[in-house]
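J.: Attaching a single structure in C-alpha coordinates format; questions to follow.
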Amino acid sequence: MSSQLILPKDYRDLLFVSAPDERSIQGMLTINQASVDWLQGKIDTGTYFDILDEYGVDPFDHVEPVEDILDGQLSPLLLP
(Lines give C-alpha, C1' and ligand atoms only; values in the text may rest on other atoms or scores of the structure.)
Protein backbone atom coordinates (compact mmCIF):
# COMPACT_ATOMS: atom_id res chain seq x y z
CA MET A 1 0.00 0.00 0.00
CA SER A 2 1.40 3.39 -0.94
CA SER A 3 0.63 6.54 0.96
CA GLN A 4 0.24 9.86 -0.79
CA LEU A 5 0.01 13.31 0.65
CA ILE A 6 -2.81 15.20 -1.00
CA LEU A 7 -2.13 18.92 -1.01
CA PRO A 8 -4.88 21.51 -1.18
CA LYS A 9 -5.32 23.33 -4.48
CA ASP A 10 -4.60 26.60 -2.73
CA TYR A 11 -1.33 26.54 -0.78
CA ARG A 12 -2.56 29.39 1.41
CA ASP A 13 -4.62 26.78 3.26
CA LEU A 14 -1.37 25.33 4.63
CA LEU A 15 -0.43 28.64 6.28
CA PHE A 16 -3.79 29.88 7.57
CA VAL A 17 -4.42 29.95 11.30
CA SER A 18 -7.66 29.89 13.28
CA ALA A 19 -8.69 31.95 16.29
CA PRO A 20 -9.22 30.16 19.61
CA ASP A 21 -11.60 32.88 20.84
CA GLU A 22 -13.36 36.05 19.70
CA ARG A 23 -10.62 38.31 21.04
CA SER A 24 -8.11 36.70 18.68
CA ILE A 25 -10.06 37.19 15.46
CA GLN A 26 -8.20 40.36 14.39
CA GLY A 27 -4.87 38.60 14.86
CA MET A 28 -6.10 35.64 12.84
CA LEU A 29 -7.22 37.94 10.03
CA THR A 30 -3.90 39.79 10.06
CA ILE A 31 -1.85 36.58 9.97
CA ASN A 32 -3.96 35.03 7.21
CA GLN A 33 -3.75 38.18 5.07
CA ALA A 34 0.01 38.25 5.62
CA SER A 35 0.18 34.61 4.44
CA VAL A 36 -1.60 35.56 1.22
CA ASP A 37 0.60 38.63 0.72
CA TRP A 38 3.79 36.63 1.36
CA LEU A 39 2.85 33.85 -1.07
CA GLN A 40 2.01 36.43 -3.71
CA GLY A 41 5.30 38.26 -3.18
CA LYS A 42 3.66 41.42 -1.83
CA ILE A 43 5.70 41.27 1.40
CA ASP A 44 9.12 39.80 2.04
CA THR A 45 9.90 36.90 4.36
CA GLY A 46 11.26 39.15 7.11
CA THR A 47 8.03 41.15 7.23
CA TYR A 48 5.94 38.00 7.24
CA PHE A 49 8.01 36.50 10.05
CA ASP A 50 7.72 39.76 12.04
CA ILE A 51 3.92 39.62 11.75
CA LEU A 52 3.83 36.01 12.89
CA ASP A 53 6.13 36.78 15.81
CA GLU A 54 4.06 39.82 16.82
CA TYR A 55 1.04 37.55 17.29
CA GLY A 56 2.94 34.86 19.19
CA VAL A 57 3.40 32.41 16.31
CA ASP A 58 6.93 31.03 15.97
CA PRO A 59 7.73 31.78 12.31
CA PHE A 60 10.05 28.82 11.81
CA ASP A 61 7.71 26.30 13.45
CA HIS A 62 4.87 27.65 11.33
CA VAL A 63 6.59 27.86 7.94
CA GLU A 64 9.22 25.11 7.89
CA PRO A 65 6.74 22.19 7.86
CA VAL A 66 4.94 23.80 4.92
CA GLU A 67 8.24 24.28 3.09
CA ASP A 68 9.11 20.64 3.76
CA ILE A 69 5.76 19.49 2.35
CA LEU A 70 5.99 21.62 -0.75
CA ASP A 71 9.66 20.78 -1.29
CA GLY A 72 10.10 23.37 -3.99
CA GLN A 73 6.76 22.70 -5.70
CA LEU A 74 5.41 26.20 -5.00
CA SER A 75 5.08 28.23 -8.16
CA PRO A 76 3.61 31.70 -8.64
CA LEU A 77 1.49 30.17 -11.40
CA LEU A 78 -0.37 28.11 -8.80
CA LEU A 79 -1.43 31.12 -6.78
CA PRO A 80 -4.68 32.97 -7.48
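Ligands are numbered from 1 in the order shown, chains are lettered A, B, ... in the order of the C-alpha coordinates, and residues start at 1 in each chain.
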May I have the residues within 7 Å of region 14-29 of chain A as a JSON list (two decimals) with C-alpha atoms, in the first residue's frame, using only C-alpha atoms and disregarding those fewer than 6 positions away in the same chain?
T.:
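As a result, out_24.json now contains:
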[["chain", "number", "residue", "atom", "x", "y", "z"],
["A", 35, "SER", "CA", 0.18, 34.61, 4.44],
["A", 55, "TYR", "CA", 1.04, 37.55, 17.29],
["A", 66, "VAL", "CA", 4.94, 23.80, 4.92]]
J.: Near Phe60 (chain A), counting only C-alpha atoms, which residues have an atom at most 12 Å away, once you skip same-chain residues fewer than 5 positions from it, shown as a PyMOL selection string?
T.: chain A and resi 15+45-46+48-50+52-53+65-68
J.: Write the residues of the preceding selection, restricted to all heavy atoms, as a short mmCIF file (atom, residue, chain, number, x, y, z; two decimals), in the first residue's frame.
T.:
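Wrote it out as result_31.cif, contents follow:
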data_model
loop_
_atom_site.label_atom_id
_atom_site.label_comp_id
_atom_site.auth_asym_id
_atom_site.auth_seq_id
_atom_site.Cartn_x
_atom_site.Cartn_y
_atom_site.Cartn_z
N LEU A 15 -0.99 27.62 5.40
CA LEU A 15 -0.43 28.64 6.28
C LEU A 15 -1.47 29.37 7.11
O LEU A 15 -1.13 30.13 8.02
CB LEU A 15 0.35 29.67 5.45
CG LEU A 15 1.59 29.12 4.74
CD1 LEU A 15 2.14 30.16 3.77
CD2 LEU A 15 2.65 28.72 5.75
N THR A 45 9.92 37.91 3.29
CA THR A 45 9.90 36.90 4.36
C THR A 45 10.11 37.53 5.73
O THR A 45 9.45 37.14 6.70
CB THR A 45 10.97 35.82 4.08
OG1 THR A 45 10.67 35.21 2.82
CG2 THR A 45 10.98 34.75 5.17
N GLY A 46 11.01 38.50 5.83
CA GLY A 46 11.26 39.15 7.11
C GLY A 46 10.02 39.81 7.67
O GLY A 46 9.71 39.70 8.86
N TYR A 48 6.88 39.06 6.90
CA TYR A 48 5.94 38.00 7.24
C TYR A 48 6.30 37.38 8.59
O TYR A 48 5.44 37.19 9.45
CB TYR A 48 5.92 36.93 6.14
CG TYR A 48 4.99 35.77 6.40
CD1 TYR A 48 3.66 35.97 6.70
CD2 TYR A 48 5.46 34.47 6.34
CE1 TYR A 48 2.80 34.90 6.93
CE2 TYR A 48 4.62 33.39 6.57
CZ TYR A 48 3.29 33.61 6.87
OH TYR A 48 2.45 32.56 7.10
N PHE A 49 7.57 37.09 8.79
CA PHE A 49 8.01 36.50 10.05
C PHE A 49 7.77 37.47 11.21
O PHE A 49 7.43 37.05 12.31
CB PHE A 49 9.48 36.10 9.97
CG PHE A 49 9.70 34.75 9.33
CD1 PHE A 49 8.79 34.20 8.44
CD2 PHE A 49 10.84 34.03 9.60
CE1 PHE A 49 9.00 32.97 7.85
CE2 PHE A 49 11.07 32.79 9.03
CZ PHE A 49 10.15 32.25 8.16
N ASP A 50 7.98 38.76 10.99
CA ASP A 50 7.72 39.76 12.04
C ASP A 50 6.25 39.75 12.44
O ASP A 50 5.92 39.86 13.63
CB ASP A 50 8.12 41.16 11.57
CG ASP A 50 9.63 41.36 11.51
OD1 ASP A 50 10.38 40.54 12.08
OD2 ASP A 50 10.06 42.35 10.88
N LEU A 52 4.09 37.23 12.15
CA LEU A 52 3.83 36.01 12.89
C LEU A 52 4.32 36.14 14.33
O LEU A 52 3.60 35.82 15.28
CB LEU A 52 4.51 34.81 12.22
CG LEU A 52 3.95 34.35 10.88
CD1 LEU A 52 4.85 33.28 10.27
CD2 LEU A 52 2.52 33.86 11.01
N ASP A 53 5.53 36.63 14.48
CA ASP A 53 6.13 36.78 15.81
C ASP A 53 5.33 37.75 16.68
O ASP A 53 5.14 37.51 17.87
CB ASP A 53 7.58 37.25 15.68
CG ASP A 53 8.33 37.17 16.98
OD1 ASP A 53 8.29 36.11 17.63
OD2 ASP A 53 8.96 38.18 17.35
N PRO A 65 7.46 23.40 8.28
CA PRO A 65 6.74 22.19 7.86
C PRO A 65 6.07 22.35 6.49
O PRO A 65 6.02 21.41 5.70
CB PRO A 65 5.69 21.99 8.96
CG PRO A 65 6.22 22.71 10.14
CD PRO A 65 6.99 23.87 9.59
N VAL A 66 5.57 23.55 6.22
CA VAL A 66 4.94 23.80 4.92
C VAL A 66 6.00 23.73 3.83
O VAL A 66 5.79 23.14 2.77
CB VAL A 66 4.21 25.16 4.91
CG1 VAL A 66 3.66 25.47 3.52
CG2 VAL A 66 3.11 25.17 5.95
N GLU A 67 7.16 24.34 4.08
CA GLU A 67 8.24 24.28 3.09
C GLU A 67 8.67 22.84 2.84
O GLU A 67 8.94 22.45 1.71
CB GLU A 67 9.43 25.11 3.56
CG GLU A 67 9.18 26.60 3.51
CD GLU A 67 10.34 27.40 4.07
OE1 GLU A 67 11.10 26.88 4.91
OE2 GLU A 67 10.48 28.56 3.65
N ASP A 68 8.73 22.05 3.91
CA ASP A 68 9.11 20.64 3.76
C ASP A 68 8.09 19.89 2.90
O ASP A 68 8.46 19.06 2.07
CB ASP A 68 9.22 19.95 5.12
CG ASP A 68 10.42 20.45 5.92
OD1 ASP A 68 11.33 21.08 5.32
OD2 ASP A 68 10.44 20.21 7.13
#
J.: One number please: CA of Asp44 (chain A) to CA of Ile31 (chain A), in Å, one decimal.
T.: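 Separation between CA of Asp44 (chain A) and CA of Ile31 (chain A): 13.9 Å.
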J.: So, counting only C-alpha atoms, which residue among A:Ala34, A:Val57, A:Thr47, A:Leu39 is closest to Asp10 (chain A)?
T.: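 For Asp10 (chain A), the nearest of the candidates is A:Leu39.
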J.: Kindly give the distance, in Å, that separates CA of Asp61 (chain A) and CA of Thr30 (chain A), rounded to a single decimal.
T.: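 Here the two named atoms are 18.1 Å from each other.
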J.: Can you work out the spacing between CA of Ile43 (chain A) and CA of Gly56 (chain A) in Å, to one decimal?
T.: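 Taking CA of Ile43 (chain A) as the start and CA of Gly56 (chain A) as the end point, the length is 19.1 Å.
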J.: Got a sec to tell me which of region 1-56 of chain A DSSP assigns to alpha helix (DSSP H), as a PyMOL selection string?
T.: chain A and resi 25-39+45-54
J.: Go ahead and write the selection's residues with N, CA, C and O atoms as a JSON list (two decimals), in the first residue's frame.
T.:
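Final output, saved to again.json:
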[["chain", "number", "residue", "atom", "x", "y", "z"],
["A", 25, "ILE", "N", -9.66, 37.18, 16.87],
["A", 25, "ILE", "CA", -10.06, 37.19, 15.46],
["A", 25, "ILE", "C", -9.25, 38.18, 14.64],
["A", 25, "ILE", "O", -8.83, 37.87, 13.53],
["A", 26, "GLN", "N", -8.97, 39.38, 15.16],
["A", 26, "GLN", "CA", -8.20, 40.36, 14.39],
["A", 26, "GLN", "C", -6.80, 39.84, 14.10],
["A", 26, "GLN", "O", -6.28, 40.01, 13.01],
["A", 27, "GLY", "N", -6.19, 39.19, 15.08],
["A", 27, "GLY", "CA", -4.87, 38.60, 14.86],
["A", 27, "GLY", "C", -4.91, 37.53, 13.79],
["A", 27, "GLY", "O", -4.03, 37.44, 12.94],
["A", 28, "MET", "N", -5.94, 36.69, 13.84],
["A", 28, "MET", "CA", -6.10, 35.64, 12.84],
["A", 28, "MET", "C", -6.22, 36.25, 11.44],
["A", 28, "MET", "O", -5.58, 35.80, 10.50],
["A", 29, "LEU", "N", -7.04, 37.29, 11.32],
["A", 29, "LEU", "CA", -7.22, 37.94, 10.03],
["A", 29, "LEU", "C", -5.92, 38.55, 9.52],
["A", 29, "LEU", "O", -5.59, 38.45, 8.34],
["A", 30, "THR", "N", -5.18, 39.17, 10.43],
["A", 30, "THR", "CA", -3.90, 39.79, 10.06],
["A", 30, "THR", "C", -2.90, 38.74, 9.59],
["A", 30, "THR", "O", -2.25, 38.90, 8.56],
["A", 31, "ILE", "N", -2.79, 37.65, 10.33],
["A", 31, "ILE", "CA", -1.85, 36.58, 9.97],
["A", 31, "ILE", "C", -2.25, 35.94, 8.64],
["A", 31, "ILE", "O", -1.40, 35.70, 7.77],
["A", 32, "ASN", "N", -3.53, 35.67, 8.45],
["A", 32, "ASN", "CA", -3.96, 35.03, 7.21],
["A", 32, "ASN", "C", -3.76, 35.94, 6.01],
["A", 32, "ASN", "O", -3.37, 35.47, 4.94],
["A", 33, "GLN", "N", -4.00, 37.25, 6.18],
["A", 33, "GLN", "CA", -3.75, 38.18, 5.07],
["A", 33, "GLN", "C", -2.26, 38.26, 4.77],
["A", 33, "GLN", "O", -1.84, 38.31, 3.62],
["A", 34, "ALA", "N", -1.44, 38.23, 5.82],
["A", 34, "ALA", "CA", 0.01, 38.25, 5.62],
["A", 34, "ALA", "C", 0.47, 36.99, 4.88],
["A", 34, "ALA", "O", 1.36, 37.07, 4.03],
["A", 35, "SER", "N", -0.16, 35.85, 5.16],
["A", 35, "SER", "CA", 0.18, 34.61, 4.44],
["A", 35, "SER", "C", -0.09, 34.77, 2.95],
["A", 35, "SER", "O", 0.73, 34.39, 2.11],
["A", 36, "VAL", "N", -1.24, 35.33, 2.63],
["A", 36, "VAL", "CA", -1.60, 35.56, 1.22],
["A", 36, "VAL", "C", -0.60, 36.52, 0.59],
["A", 36, "VAL", "O", -0.07, 36.26, -0.50],
["A", 37, "ASP", "N", -0.32, 37.62, 1.27],
["A", 37, "ASP", "CA", 0.60, 38.63, 0.72],
["A", 37, "ASP", "C", 1.99, 38.05, 0.52],
["A", 37, "ASP", "O", 2.65, 38.33, -0.48],
["A", 38, "TRP", "N", 2.45, 37.23, 1.46],
["A", 38, "TRP", "CA", 3.79, 36.63, 1.36],
["A", 38, "TRP", "C", 3.85, 35.67, 0.18],
["A", 38, "TRP", "O", 4.79, 35.70, -0.61],
["A", 39, "LEU", "N", 2.85, 34.81, 0.04],
["A", 39, "LEU", "CA", 2.85, 33.85, -1.07],
["A", 39, "LEU", "C", 2.75, 34.53, -2.42],
["A", 39, "LEU", "O", 3.25, 34.02, -3.42],
["A", 45, "THR", "N", 9.92, 37.91, 3.29],
["A", 45, "THR", "CA", 9.90, 36.90, 4.36],
["A", 45, "THR", "C", 10.11, 37.53, 5.73],
["A", 45, "THR", "O", 9.45, 37.14, 6.70],
["A", 46, "GLY", "N", 11.01, 38.50, 5.83],
["A", 46, "GLY", "CA", 11.26, 39.15, 7.11],
["A", 46, "GLY", "C", 10.02, 39.81, 7.67],
["A", 46, "GLY", "O", 9.71, 39.70, 8.86],
["A", 47, "THR", "N", 9.27, 40.50, 6.81],
["A", 47, "THR", "CA", 8.03, 41.15, 7.23],
["A", 47, "THR", "C", 7.00, 40.12, 7.67],
["A", 47, "THR", "O", 6.35, 40.27, 8.70],
["A", 48, "TYR", "N", 6.88, 39.06, 6.90],
["A", 48, "TYR", "CA", 5.94, 38.00, 7.24],
["A", 48, "TYR", "C", 6.30, 37.38, 8.59],
["A", 48, "TYR", "O", 5.44, 37.19, 9.45],
["A", 49, "PHE", "N", 7.57, 37.09, 8.79],
["A", 49, "PHE", "CA", 8.01, 36.50, 10.05],
["A", 49, "PHE", "C", 7.77, 37.47, 11.21],
["A", 49, "PHE", "O", 7.43, 37.05, 12.31],
["A", 50, "ASP", "N", 7.98, 38.76, 10.99],
["A", 50, "ASP", "CA", 7.72, 39.76, 12.04],
["A", 50, "ASP", "C", 6.25, 39.75, 12.44],
["A", 50, "ASP", "O", 5.92, 39.86, 13.63],
["A", 51, "ILE", "N", 5.37, 39.65, 11.47],
["A", 51, "ILE", "CA", 3.92, 39.62, 11.75],
["A", 51, "ILE", "C", 3.57, 38.38, 12.56],
["A", 51, "ILE", "O", 2.85, 38.45, 13.55],
["A", 52, "LEU", "N", 4.09, 37.23, 12.15],
["A", 52, "LEU", "CA", 3.83, 36.01, 12.89],
["A", 52, "LEU", "C", 4.32, 36.14, 14.33],
["A", 52, "LEU", "O", 3.60, 35.82, 15.28],
["A", 53, "ASP", "N", 5.53, 36.63, 14.48],
["A", 53, "ASP", "CA", 6.13, 36.78, 15.81],
["A", 53, "ASP", "C", 5.33, 37.75, 16.68],
["A", 53, "ASP", "O", 5.14, 37.51, 17.87],
["A", 54, "GLU", "N", 4.84, 38.83, 16.08],
["A", 54, "GLU", "CA", 4.06, 39.82, 16.82],
["A", 54, "GLU", "C", 2.81, 39.20, 17.45],
["A", 54, "GLU", "O", 2.37, 39.61, 18.51]]
